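Source file: run37.txt (compact mmCIF, C-alpha atoms and all ligand atoms)
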```
# COMPACT_ATOMS: atom_id res chain seq x y z
CA MET A 13 0.00 0.00 0.00
CA GLN A 14 1.48 3.33 -1.01
CA ARG A 15 1.17 6.77 0.56
CA ILE A 16 0.49 9.53 -1.97
CA LEU A 17 0.93 13.20 -1.13
CA VAL A 18 -1.63 15.20 -3.13
CA THR A 19 -1.21 18.98 -3.12
CA GLY A 20 -4.26 21.00 -4.14
CA ALA A 21 -6.33 18.07 -2.84
CA GLY A 22 -9.27 20.35 -2.00
CA GLY A 23 -9.59 21.61 -5.58
CA TYR A 24 -11.72 20.61 -8.57
CA ILE A 25 -9.46 17.75 -9.69
CA GLY A 26 -8.24 16.96 -6.15
CA THR A 27 -11.71 16.33 -4.69
CA THR A 28 -12.33 13.76 -7.44
CA LEU A 29 -8.81 12.28 -7.39
CA VAL A 30 -8.54 11.72 -3.62
CA PRO A 31 -11.61 9.42 -3.31
CA MET A 32 -10.43 7.51 -6.41
CA LEU A 33 -7.00 6.96 -4.81
CA LEU A 34 -8.63 5.80 -1.56
CA GLU A 35 -10.92 3.41 -3.49
CA ARG A 36 -7.84 1.86 -5.06
CA GLY A 37 -6.27 1.23 -1.66
CA TYR A 38 -3.79 4.10 -1.50
CA THR A 39 -3.16 6.14 1.63
CA VAL A 40 -3.45 9.88 0.95
CA ARG A 41 -1.87 12.91 2.59
CA ALA A 42 -4.00 15.79 1.31
CA VAL A 43 -2.21 19.14 1.43
CA ASP A 44 -4.09 22.33 0.60
CA ARG A 45 -4.89 25.81 1.86
CA PHE A 46 -8.52 24.69 1.33
CA PHE A 47 -9.46 28.02 -0.23
CA PHE A 48 -12.71 26.40 -1.45
CA GLY A 49 -13.69 24.80 1.85
CA ARG A 50 -12.48 22.09 4.21
CA ASP A 51 -15.54 19.86 4.07
CA LEU A 52 -15.30 18.65 0.46
CA LEU A 53 -13.25 15.55 1.26
CA ALA A 54 -15.10 12.94 3.33
CA ASN A 55 -13.28 11.48 6.35
CA HIS A 56 -11.53 8.19 5.67
CA PRO A 57 -9.17 6.10 7.82
CA ARG A 58 -6.48 6.32 5.12
CA LEU A 59 -6.87 10.07 4.51
CA GLU A 60 -4.71 12.59 6.35
CA ILE A 61 -5.58 16.28 5.97
CA VAL A 62 -2.77 18.84 6.19
CA GLN A 63 -3.74 22.49 5.90
CA GLU A 64 -0.56 24.13 4.61
CA ASP A 65 0.62 26.53 1.95
CA VAL A 66 2.68 24.76 -0.70
CA ARG A 67 5.23 27.57 -0.51
CA ARG A 68 5.96 26.38 3.04
CA LEU A 69 6.30 22.65 2.42
CA ALA A 70 9.02 21.07 4.57
CA PRO A 71 10.68 17.63 4.71
CA GLU A 72 8.28 16.40 7.42
CA HIS A 73 5.38 16.68 4.95
CA PHE A 74 7.11 14.03 2.81
CA SER A 75 7.79 11.49 5.57
CA GLY A 76 6.62 8.02 4.51
CA VAL A 77 5.48 9.37 1.13
CA ASP A 78 5.99 7.17 -1.96
CA ALA A 79 4.73 9.57 -4.64
CA VAL A 80 3.53 13.15 -5.09
CA ILE A 81 0.74 14.43 -7.34
CA ASP A 82 1.31 18.19 -7.30
CA LEU A 83 -2.02 19.83 -8.18
CA ALA A 84 -1.89 23.04 -6.11
CA ALA A 85 -1.95 26.13 -8.28
CA ILE A 86 -3.72 29.34 -9.14
CA SER A 87 -5.68 27.47 -11.72
CA ASN A 88 -6.79 29.61 -14.65
CA ASP A 89 -5.80 32.46 -16.96
CA PRO A 90 -7.84 35.34 -15.46
CA SER A 91 -6.73 34.55 -11.88
CA GLY A 92 -3.15 34.21 -13.14
CA GLU A 93 -3.29 37.68 -14.70
CA LEU A 94 -4.83 39.32 -11.61
CA PHE A 95 -2.47 37.61 -9.14
CA GLN A 96 0.69 37.37 -11.25
CA ASP A 97 3.32 37.30 -8.48
CA VAL A 98 1.42 34.64 -6.55
CA THR A 99 0.98 32.60 -9.74
CA TRP A 100 4.72 32.58 -10.37
CA ALA A 101 5.43 31.76 -6.71
CA VAL A 102 2.87 28.94 -6.44
CA ASN A 103 2.60 27.49 -9.95
CA HIS A 104 6.30 27.66 -10.81
CA ARG A 105 8.62 28.04 -7.84
CA ALA A 106 6.63 26.10 -5.21
CA ARG A 107 6.23 23.14 -7.57
CA VAL A 108 9.93 22.97 -8.41
CA ARG A 109 10.74 23.27 -4.71
CA CYS A 110 8.17 20.55 -3.90
CA ALA A 111 9.84 18.19 -6.38
CA GLU A 112 13.30 19.04 -5.00
CA ILE A 113 12.29 18.32 -1.39
CA ALA A 114 10.48 15.14 -2.49
CA LYS A 115 13.63 13.91 -4.21
CA ALA A 116 15.84 14.81 -1.23
CA CYS A 117 13.43 12.92 1.08
CA GLY A 118 13.63 9.72 -0.96
CA VAL A 119 10.14 9.92 -2.53
CA GLY A 120 10.10 7.68 -5.62
CA ARG A 121 7.78 9.51 -8.02
CA TYR A 122 6.58 13.03 -8.79
CA VAL A 123 3.67 13.79 -11.14
CA LEU A 124 3.18 17.36 -12.36
CA PRO A 125 -0.33 18.02 -13.71
CA SER A 126 0.48 20.79 -16.20
CA SER A 127 -1.74 22.11 -18.99
CA CYS A 128 -2.18 21.89 -22.76
CA SER A 129 -2.71 25.66 -22.59
CA ILE A 130 1.05 26.00 -22.99
CA TYR A 131 0.47 25.26 -26.72
CA GLY A 132 -1.31 28.64 -26.83
CA PHE A 133 -2.05 29.24 -30.48
CA GLN A 134 -1.33 26.69 -33.20
CA PRO A 135 -2.47 26.68 -36.84
CA PRO A 136 -5.75 24.72 -37.17
CA GLU A 137 -4.30 22.15 -39.57
CA VAL A 138 -1.64 21.13 -37.00
CA LYS A 139 -2.21 18.62 -34.21
CA VAL A 140 0.49 19.25 -31.62
CA ASP A 141 2.28 16.42 -29.89
CA GLU A 142 4.65 16.66 -26.93
CA THR A 143 7.62 17.53 -29.17
CA ALA A 144 5.93 20.61 -30.69
CA ALA A 145 7.22 24.08 -29.92
CA THR A 146 5.19 25.58 -27.09
CA ASN A 147 3.57 29.00 -27.29
CA PRO A 148 2.37 30.00 -23.81
CA LEU A 149 0.31 33.20 -24.06
CA THR A 150 -0.64 33.92 -20.44
CA THR A 151 1.05 34.15 -17.03
CA TYR A 152 -0.72 30.89 -16.07
CA ALA A 153 0.58 29.06 -19.14
CA LYS A 154 4.09 30.54 -18.85
CA ALA A 155 4.34 29.53 -15.17
CA ASN A 156 3.23 25.99 -16.10
CA GLU A 157 5.95 25.78 -18.73
CA GLN A 158 8.61 26.99 -16.30
CA ALA A 159 7.41 24.42 -13.74
CA GLU A 160 7.83 21.69 -16.37
CA LEU A 161 11.32 22.94 -17.22
CA GLY A 162 12.20 23.05 -13.51
CA VAL A 163 11.04 19.56 -12.52
CA LEU A 164 12.02 17.47 -15.55
CA PRO A 165 15.81 17.70 -14.98
CA LEU A 166 15.31 16.21 -11.50
CA ALA A 167 14.43 12.84 -13.09
CA SER A 168 16.94 10.14 -12.12
CA ASP A 169 17.08 6.37 -11.58
CA ASP A 170 15.54 6.69 -8.13
CA PHE A 171 13.24 9.68 -8.80
CA THR A 172 10.66 9.30 -11.55
CA VAL A 173 9.27 12.59 -12.87
CA VAL A 174 6.20 12.68 -15.14
CA VAL A 175 4.61 15.79 -16.66
CA LEU A 176 0.95 15.53 -17.70
CA ARG A 177 -0.30 18.27 -20.01
CA GLN A 178 -4.00 18.09 -19.25
CA ALA A 179 -6.65 19.24 -21.67
CA THR A 180 -9.34 21.56 -20.29
CA VAL A 181 -11.27 19.53 -17.75
CA TYR A 182 -15.06 19.07 -17.50
CA GLY A 183 -17.59 17.14 -15.45
CA TYR A 184 -18.94 17.24 -11.92
CA SER A 185 -16.63 17.36 -8.91
CA PRO A 186 -17.32 18.25 -5.24
CA ARG A 187 -15.32 21.51 -5.59
CA MET A 188 -17.23 22.50 -8.69
CA ARG A 189 -15.83 24.85 -11.33
CA LEU A 190 -18.34 26.58 -13.58
CA ASP A 191 -15.55 28.71 -15.07
CA LEU A 192 -14.50 25.81 -17.32
CA ALA A 193 -15.91 25.87 -20.84
CA ILE A 194 -18.11 22.75 -20.94
CA ASN A 195 -19.27 23.16 -17.33
CA GLY A 196 -20.16 26.83 -17.88
CA MET A 197 -22.01 26.03 -21.12
CA ALA A 198 -23.98 23.23 -19.44
CA PHE A 199 -24.87 25.37 -16.44
CA GLY A 200 -26.00 28.39 -18.51
CA ALA A 201 -28.02 26.21 -20.87
CA TRP A 202 -29.78 24.31 -18.07
CA LYS A 203 -30.36 27.25 -15.72
CA THR A 204 -31.32 30.04 -18.12
CA GLY A 205 -31.69 28.44 -21.54
CA ILE A 206 -28.77 30.62 -22.70
CA LEU A 207 -25.51 28.88 -23.53
CA PRO A 208 -22.49 31.22 -23.29
CA LEU A 209 -20.05 30.78 -26.22
CA MET A 210 -16.72 32.58 -26.37
CA ARG A 211 -16.06 34.32 -29.69
CA ASP A 212 -15.54 33.30 -32.40
CA GLY A 213 -16.28 29.60 -31.98
CA SER A 214 -13.71 28.40 -34.54
CA GLN A 215 -11.00 28.01 -31.87
CA TRP A 216 -9.83 24.44 -31.21
CA ARG A 217 -9.64 23.18 -27.66
CA PRO A 218 -8.99 19.71 -26.25
CA PHE A 219 -11.04 18.49 -23.27
CA VAL A 220 -10.86 15.69 -20.72
CA HIS A 221 -13.33 14.49 -18.10
CA VAL A 222 -12.29 15.08 -14.48
CA ARG A 223 -12.40 11.36 -13.64
CA ASP A 224 -10.35 10.58 -16.76
CA THR A 225 -7.63 13.08 -15.91
CA ALA A 226 -7.56 11.76 -12.33
CA SER A 227 -7.26 8.22 -13.74
CA ALA A 228 -4.28 9.34 -15.88
CA GLN A 229 -2.58 10.68 -12.75
CA ILE A 230 -3.20 7.38 -10.94
CA PHE A 231 -2.02 5.44 -14.01
CA MET A 232 1.30 7.30 -13.82
CA LEU A 233 1.91 6.12 -10.24
CA THR A 234 2.59 2.59 -11.48
CA ALA A 235 3.42 3.01 -15.18
CA PRO A 236 6.79 1.37 -15.97
CA ARG A 237 9.53 3.81 -14.98
CA GLU A 238 11.57 3.30 -18.14
CA GLN A 239 8.55 4.35 -20.25
CA VAL A 240 7.58 7.50 -18.36
CA ASN A 241 10.55 8.92 -16.45
CA GLY A 242 11.47 12.44 -17.55
CA GLN A 243 8.61 12.38 -20.07
CA ILE A 244 5.76 14.70 -21.00
CA PHE A 245 2.31 13.29 -21.90
CA ASN A 246 -0.71 15.11 -23.28
CA VAL A 247 -3.84 13.96 -21.43
CA GLY A 248 -7.12 13.90 -23.36
CA SER A 249 -8.44 12.15 -26.45
CA ASP A 250 -9.00 12.92 -30.12
CA GLU A 251 -12.78 12.50 -29.65
CA ASN A 252 -12.56 15.40 -27.17
CA ASN A 253 -10.69 17.79 -29.53
CA TYR A 254 -13.43 20.31 -30.26
CA GLN A 255 -13.95 23.61 -32.00
CA LEU A 256 -15.96 25.61 -29.51
CA GLY A 257 -18.82 26.38 -31.95
CA PRO A 258 -19.64 22.72 -32.73
CA LEU A 259 -19.03 21.88 -29.05
CA ALA A 260 -21.68 24.44 -28.05
CA GLU A 261 -24.12 22.74 -30.45
CA THR A 262 -23.36 19.38 -28.84
CA VAL A 263 -23.88 20.75 -25.33
CA ALA A 264 -27.13 22.48 -26.39
CA ALA A 265 -28.42 19.23 -27.89
CA THR A 266 -27.57 17.29 -24.69
CA VAL A 267 -29.20 19.67 -22.17
CA PRO A 268 -32.87 18.64 -21.83
CA LYS A 269 -34.24 22.18 -22.39
CA ASP A 270 -34.72 24.75 -25.14
CA VAL A 271 -31.35 26.40 -25.53
CA ARG A 272 -30.16 29.53 -27.33
CA ILE A 273 -26.44 30.18 -27.91
CA GLU A 274 -25.20 33.64 -26.89
CA TRP A 275 -21.75 34.98 -27.79
CA TYR A 276 -19.51 36.67 -25.22
CA GLY A 277 -15.99 38.13 -24.93
CA ASP A 278 -13.43 39.27 -27.44
CA ALA A 279 -12.05 36.83 -30.01
CA ASP A 280 -10.17 34.08 -28.14
CA HIS A 281 -6.52 33.97 -29.23
CA ARG A 282 -5.94 30.49 -27.82
CA SER A 283 -6.50 27.66 -30.25
CA TYR A 284 -4.77 24.29 -30.26
CA ARG A 285 -5.54 20.78 -31.46
CA VAL A 286 -3.67 18.15 -29.56
CA ASP A 287 -2.35 14.67 -30.32
CA PHE A 288 -2.86 12.12 -27.54
CA SER A 289 -1.27 9.06 -29.12
CA LYS A 290 1.74 9.03 -26.78
CA ILE A 291 -0.24 8.32 -23.58
CA GLU A 292 -2.62 6.01 -25.46
CA GLY A 293 0.44 4.05 -26.60
CA LEU A 294 1.06 3.22 -22.92
CA GLY A 295 -2.42 1.74 -22.56
CA TRP A 296 -4.29 4.69 -20.98
CA LYS A 297 -7.41 5.94 -22.74
CA ALA A 298 -10.00 8.56 -21.82
CA GLU A 299 -13.39 6.92 -21.36
CA ARG A 300 -15.79 9.86 -21.44
CA ARG A 301 -17.05 12.45 -23.89
CA ALA A 302 -18.48 15.94 -23.44
CA GLU A 303 -22.06 14.63 -23.46
CA ASP A 304 -21.31 12.45 -20.40
CA GLY A 305 -20.11 15.47 -18.45
CA VAL A 306 -23.06 17.61 -19.53
CA ARG A 307 -25.57 14.91 -18.55
CA GLU A 308 -24.06 14.48 -15.06
CA ILE A 309 -24.00 18.26 -14.48
CA CYS A 310 -27.68 18.48 -15.51
CA GLU A 311 -28.50 15.63 -13.10
CA LYS A 312 -26.78 17.44 -10.23
CA LEU A 313 -28.59 20.67 -11.09
CA GLU A 314 -31.89 18.80 -11.35
CA GLY A 315 -31.27 17.13 -7.98
CA GLY A 316 -30.43 20.45 -6.29
CA GLN A 317 -26.85 19.29 -5.52
CA LEU A 318 -25.25 22.03 -7.63
CA ASP A 319 -25.76 25.75 -8.14
CA LYS A 320 -23.65 28.72 -9.15
CA THR A 321 -22.00 30.24 -6.06
CA ALA A 322 -18.97 32.54 -5.89
CA GLU A 323 -16.81 29.50 -5.06
CA THR A 324 -17.59 27.94 -8.44
CA ILE A 325 -15.94 30.83 -10.30
CA THR A 326 -12.29 30.71 -9.27
CA LEU A 327 -11.48 34.35 -10.04
CA ASP A 328 -14.57 35.67 -8.20
CA TRP A 329 -13.79 33.58 -5.15
CA TYR A 330 -10.14 34.67 -4.96
CA LYS A 331 -11.21 38.31 -5.41
CA ASN A 332 -13.73 37.88 -2.58
CA LEU A 333 -11.15 36.31 -0.26
CA ALA A 334 -8.71 39.18 -0.91
CA LYS A 335 -11.44 41.80 -0.36
CA TRP A 336 -12.73 40.20 2.86
CA HIS A 337 -9.21 39.74 4.18
CA ALA A 338 -8.46 43.45 3.79
CA LEU A 339 -11.79 44.39 5.39
CA ILE A 340 -11.45 41.98 8.31
CA LYS A 341 -7.92 43.22 9.02
CA GLN A 342 -9.34 46.75 9.32
CA VAL A 343 -12.11 45.92 11.77
CA GLU A 344 -10.80 42.95 13.72
CA MET A 345 -9.82 43.67 17.33
CA TYR A 346 -8.57 41.29 20.02
CA GLY A 347 -8.78 38.38 17.60
CA GLY A 348 -12.48 38.81 16.80
CA ILE A 349 -15.19 40.87 15.17
CA PHE A 350 -18.02 40.69 17.78
CA ASP A 351 -16.52 38.16 20.16
CA ILE A 352 -13.46 39.85 21.69
CA GLY A 353 -13.07 37.48 24.64
CA ILE A 354 -14.42 39.93 27.26
CA ASP A 355 -17.56 38.04 28.16
CA GLU A 356 -15.57 34.89 28.78
CA ALA A 357 -13.12 36.82 31.00
CA ALA A 358 -16.01 38.41 32.92
CA ARG A 359 -17.57 34.97 33.45
CA ARG A 360 -14.30 33.62 34.79
CA GLU A 361 -13.90 36.63 37.12
CA ALA A 362 -17.43 36.19 38.46
CA ALA A 363 -16.79 32.50 39.08
CA GLU A 364 -13.67 33.18 41.17
N1 LIG A 401 -9.20 22.25 -14.42
C1 LIG A 401 -8.61 22.28 -15.61
O1 LIG A 401 -9.25 22.43 -16.67
C2 LIG A 401 -7.12 22.12 -15.70
C3 LIG A 401 -6.55 21.91 -16.96
C4 LIG A 401 -5.17 21.78 -17.05
C5 LIG A 401 -4.40 21.85 -15.92
N2 LIG A 401 -4.98 22.05 -14.70
C6 LIG A 401 -4.11 22.12 -13.52
O2 LIG A 401 -4.52 21.15 -12.57
C7 LIG A 401 -4.30 21.63 -11.25
C8 LIG A 401 -5.58 21.59 -10.45
O3 LIG A 401 -6.58 22.36 -11.09
P1 LIG A 401 -8.05 22.48 -10.51
O4 LIG A 401 -8.95 22.68 -11.67
O5 LIG A 401 -8.30 21.38 -9.56
O6 LIG A 401 -7.93 23.88 -9.73
P2 LIG A 401 -8.55 24.36 -8.33
O7 LIG A 401 -8.39 25.84 -8.29
O8 LIG A 401 -9.91 23.80 -8.16
O9 LIG A 401 -7.60 23.67 -7.27
C9 LIG A 401 -6.38 24.19 -6.85
C10 LIG A 401 -6.23 23.90 -5.37
O10 LIG A 401 -4.96 24.42 -4.97
C11 LIG A 401 -5.12 25.06 -3.71
N3 LIG A 401 -4.09 26.06 -3.57
C12 LIG A 401 -3.91 27.18 -4.31
N4 LIG A 401 -2.83 27.86 -3.88
C13 LIG A 401 -2.32 27.15 -2.84
C14 LIG A 401 -1.22 27.33 -1.96
N5 LIG A 401 -0.42 28.40 -2.06
N6 LIG A 401 -0.97 26.40 -1.02
C15 LIG A 401 -1.78 25.32 -0.88
N7 LIG A 401 -2.85 25.10 -1.66
C16 LIG A 401 -3.12 26.01 -2.63
C17 LIG A 401 -6.52 25.65 -3.72
O11 LIG A 401 -7.03 25.81 -2.41
C18 LIG A 401 -7.30 24.60 -4.52
O12 LIG A 401 -7.92 23.66 -3.67
C19 LIG A 401 -3.76 23.04 -11.41
O13 LIG A 401 -2.37 22.98 -11.38
C20 LIG A 401 -4.23 23.44 -12.77
O14 LIG A 401 -3.41 24.41 -13.33
C21 LIG A 401 -6.32 22.17 -14.56
```

What's the structure tokens form of this structure?
Amino acid sequence: MQRILVTGAGGYIGTTLVPMLLERGYTVRAVDRFFFGRDLLANHPRLEIVQEDVRRLAPEHFSGVDAVIDLAAISNDPSGELFQDVTWAVNHRARVRCAEIAKACGVGRYVLPSSCSIYGFQPPEVKVDETAATNPLTTYAKANEQAELGVLPLASDDFTVVVLRQATVYGYSPRMRLDLAINGMAFGAWKTGILPLMRDGSQWRPFVHVRDTASAQIFMLTAPREQVNGQIFNVGSDENNYQLGPLAETVAATVPKDVRIEWYGDADHRSYRVDFSKIEGLGWKAERRAEDGVREICEKLEGGQLDKTAETITLDWYKNLAKWHALIKQVEMYGGIFDIGIDEAARREAAE
């Protein structure tokens, strides 16, 4: 039985990955700031929760750990642009440092879940594989690329390093993200009958279901070292390479309501078609398609288990946290807002 340290375990992918690891018999040390809540991972005898910032990881966090899946990050382009310094510190430097400490502590494997967004813009006739020149257009994508470049040289005979360039993820997860294309389309279509489509709809984007990308991460824990060490793998499938316009039609046809497509935003400059034959050559294959994700999101909405809250839009939630933090610092006194410890002290005095 292996112990896996998962950073970012309280996030969209993490809250799906951790139960899957536990189901397969792994022991999990879940490290996160838990920006999206601490109650999204159910208690389990083989689950250890560590609330910590990944910039402060120390050797003791790696004790008894066999492998690391390093998910923690500021996880999308708009948040990366608004919080650029933090994005570089967390998405680039903290990940390289995490891999360095892991290696020094004798951990055997390190998996970096990076992003296909580092392909940025590619001509539509080209399907990029892992050897293609990258073209990161945003702070988020650039920090991912630097993280890749920082961790890959650490690969050695006793430290296996695998980089997974994940397609854009979709599907239901306990920490839900409605700021991801398919999820946002499904939510808008179901809730309001209006499906939001980013201009101009001809842009290519690869997708992967959240359980599929988690299964690729788990696959890499035991994949033969000689086939994966120091390697980059795109994670997705050709069936999930979509142009956003036709994708919107597919989502609209899957949602059980009358749906109208509504354009938003300026023309999207990111467009990339991706080749997934390298990971498929190892025996891993994505099992789900966009329709599966849309159907499960509609079921959760129908059942009242999902709605749009500030937490489901990463940028909004981080902006809220920053705003509230500044406000609370201004008004907090004696460690509280209303409760400042006086009543308790008075009670104790009266009792004496
Ligand atoms: N979701 C996607 O479509 C997608 C696609 C490609 C790559 N990725 C990558 O996968 C990873 C996970 O993405 P996600 O969608 O689950 O994002 P998420 O925002 O839901 O999860 C990130 C988690 O990291 C935690 N975190 C952030 N900063 C931290 C810090 N300083 N210390 C400790 N914890 C911190 C957050 O609390 C959150 O739980 C990210 O690296 C992301 O870039 C995601």

(request) Between atom CA of A:Leu256 and atom CA of A:Gly213, measure the distance and give it in Å to one decimal. (result) 4.7 Å

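When all atoms listed in the file are used to compute distances to ligand LIG 401 (chain A), the closest of the residues A:Tyr131, A:Phe46, A:Phe199, A:Trp216 turns out to be A:Phe46.
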
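Considering all atoms listed in the file, the residue among A:Gly37, A:Gly183, A:Gly257, A:Gly76 positioned nearest to ligand LIG 401 (chain A) is A:Gly183.
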
(request) Find the residues near ligand LIG 401 (chain A). Use a cut-off of 6 Å, count all atoms listed in the file, and write them as a PyMOL selection string. (result) chain A and resi 20-26+44-48+64-67+83-87+102+125-127+178-181

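With all atoms listed in the file as the atoms that count, the minimum distance from A:Ala116 to the choices A:Ile340, A:Leu333, A:Leu94, A:Leu166 is reached by A:Leu166.
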
(request) Pick out the residues sitting within 10 Å of stretch 258-274 of chain A, and hand them over as a VMD selection string; count all atoms listed in the file, and ignore anything fewer than 2 positions along from it in its own chain. (result) chain A and resid 193 to 195 197 to 211 213 to 214 216 to 217 252 to 256 276 302 to 307 309 to 311

Could you write those residues out with C-alpha atoms, as a PDB file, keeping the file's coordinate frame?
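Result file follows (again-v8.pdb):
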```
ATOM      1  CA  ALA A 193     -15.910  25.870 -20.840  1.00  0.00           C
ATOM      2  CA  ILE A 194     -18.110  22.750 -20.940  1.00  0.00           C
ATOM      3  CA  ASN A 195     -19.270  23.160 -17.330  1.00  0.00           C
ATOM      4  CA  MET A 197     -22.010  26.030 -21.120  1.00  0.00           C
ATOM      5  CA  ALA A 198     -23.980  23.230 -19.440  1.00  0.00           C
ATOM      6  CA  PHE A 199     -24.870  25.370 -16.440  1.00  0.00           C
ATOM      7  CA  GLY A 200     -26.000  28.390 -18.510  1.00  0.00           C
ATOM      8  CA  ALA A 201     -28.020  26.210 -20.870  1.00  0.00           C
ATOM      9  CA  TRP A 202     -29.780  24.310 -18.070  1.00  0.00           C
ATOM     10  CA  LYS A 203     -30.360  27.250 -15.720  1.00  0.00           C
ATOM     11  CA  THR A 204     -31.320  30.040 -18.120  1.00  0.00           C
ATOM     12  CA  GLY A 205     -31.690  28.440 -21.540  1.00  0.00           C
ATOM     13  CA  ILE A 206     -28.770  30.620 -22.700  1.00  0.00           C
ATOM     14  CA  LEU A 207     -25.510  28.880 -23.530  1.00  0.00           C
ATOM     15  CA  PRO A 208     -22.490  31.220 -23.290  1.00  0.00           C
ATOM     16  CA  LEU A 209     -20.050  30.780 -26.220  1.00  0.00           C
ATOM     17  CA  MET A 210     -16.720  32.580 -26.370  1.00  0.00           C
ATOM     18  CA  ARG A 211     -16.060  34.320 -29.690  1.00  0.00           C
ATOM     19  CA  GLY A 213     -16.280  29.600 -31.980  1.00  0.00           C
ATOM     20  CA  SER A 214     -13.710  28.400 -34.540  1.00  0.00           C
ATOM     21  CA  TRP A 216      -9.830  24.440 -31.210  1.00  0.00           C
ATOM     22  CA  ARG A 217      -9.640  23.180 -27.660  1.00  0.00           C
ATOM     23  CA  ASN A 252     -12.560  15.400 -27.170  1.00  0.00           C
ATOM     24  CA  ASN A 253     -10.690  17.790 -29.530  1.00  0.00           C
ATOM     25  CA  TYR A 254     -13.430  20.310 -30.260  1.00  0.00           C
ATOM     26  CA  GLN A 255     -13.950  23.610 -32.000  1.00  0.00           C
ATOM     27  CA  LEU A 256     -15.960  25.610 -29.510  1.00  0.00           C
ATOM     28  CA  TYR A 276     -19.510  36.670 -25.220  1.00  0.00           C
ATOM     29  CA  ALA A 302     -18.480  15.940 -23.440  1.00  0.00           C
ATOM     30  CA  GLU A 303     -22.060  14.630 -23.460  1.00  0.00           C
ATOM     31  CA  ASP A 304     -21.310  12.450 -20.400  1.00  0.00           C
ATOM     32  CA  GLY A 305     -20.110  15.470 -18.450  1.00  0.00           C
ATOM     33  CA  VAL A 306     -23.060  17.610 -19.530  1.00  0.00           C
ATOM     34  CA  ARG A 307     -25.570  14.910 -18.550  1.00  0.00           C
ATOM     35  CA  ILE A 309     -24.000  18.260 -14.480  1.00  0.00           C
ATOM     36  CA  CYS A 310     -27.680  18.480 -15.510  1.00  0.00           C
ATOM     37  CA  GLU A 311     -28.500  15.630 -13.100  1.00  0.00           C
TER      38      GLU A 311
END
```

Report as JSON the centre and the edge lengths, in Å to one decimal, of the axis-aligned box holding every listed atom of stretch 188-191 of chain A, padded by 4 Å on each side.
```
{"center_x": -16.9, "center_y": 25.6, "center_z": -11.9, "size_x": 10.8, "size_y": 14.2, "size_z": 14.4}
```

(message) Would you pick out the contacts of stretch 156-164 of chain A at 6 Å or less, using all atoms listed in the file, so that residues sharing its chain but fewer than 5 positions from it are not included, and give the list as number ranges by chain?
(response) A: 104, 108, 126, 242

Would you save the residues from that selection as a CSV table (one decimal), in the frame of the given file, using C-alpha atoms?
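Dumped everything to again.csv:
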```
chain,number,residue,atom,x,y,z
A,104,HIS,CA,6.3,27.7,-10.8
A,108,VAL,CA,9.9,23.0,-8.4
A,126,SER,CA,0.5,20.8,-16.2
A,242,GLY,CA,11.5,12.4,-17.6
```

(request) For A:Trp329, work out the shell of residues within 10 Å, counting all atoms listed in the file and skipping chain neighbours fewer than 6 positions away, then give it as an MDAnalysis selection string. (result) chainID A and resid 47:48 91 321:323 335

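Of note, atom CA of A:Phe74 and atom CA of A:Arg36 are spaced 20.8 Å apart.
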
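Distance-wise, atom CA of A:Pro136 and atom CA of A:Arg300 end up 23.9 Å apart.
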
Please build the interface table for stretch 51-109 of chain A against stretch 13-17 of chain A with a cut-off of 6 Å, listing for each qualifying residue the nearest atom pair and the distance in Å to one decimal; count only C-alpha atoms, order rows by chain and increasing number, and write it as JSON lines.
```
{"residue": "A:Val77", "atom": "CA", "partner": "A:Arg15", "partner_atom": "CA", "distance": 5.1}
{"residue": "A:Asp78", "atom": "CA", "partner": "A:Arg15", "partner_atom": "CA", "distance": 5.5}
{"residue": "A:Ala79", "atom": "CA", "partner": "A:Ile16", "partner_atom": "CA", "distance": 5.0}
{"residue": "A:Val80", "atom": "CA", "partner": "A:Leu17", "partner_atom": "CA", "distance": 4.7}
```

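For the residues A:Lys290, A:Val98, A:Met188, A:Gly118, ranking by smallest atom-to-atom distance to A:Leu313 using only C-alpha atoms places A:Met188 first.
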
(message) Taking all atoms listed in the file into account, name the residue in A:Arg285, A:Arg58, A:Arg105, A:Lys115 that is nearest to A:Pro218.
(response) A:Arg285

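Proximity ranking of A:Tyr346, A:Tyr330, A:Tyr284, A:Trp336 relative to A:Asp141 places A:Tyr284 first, based on only C-alpha atoms.
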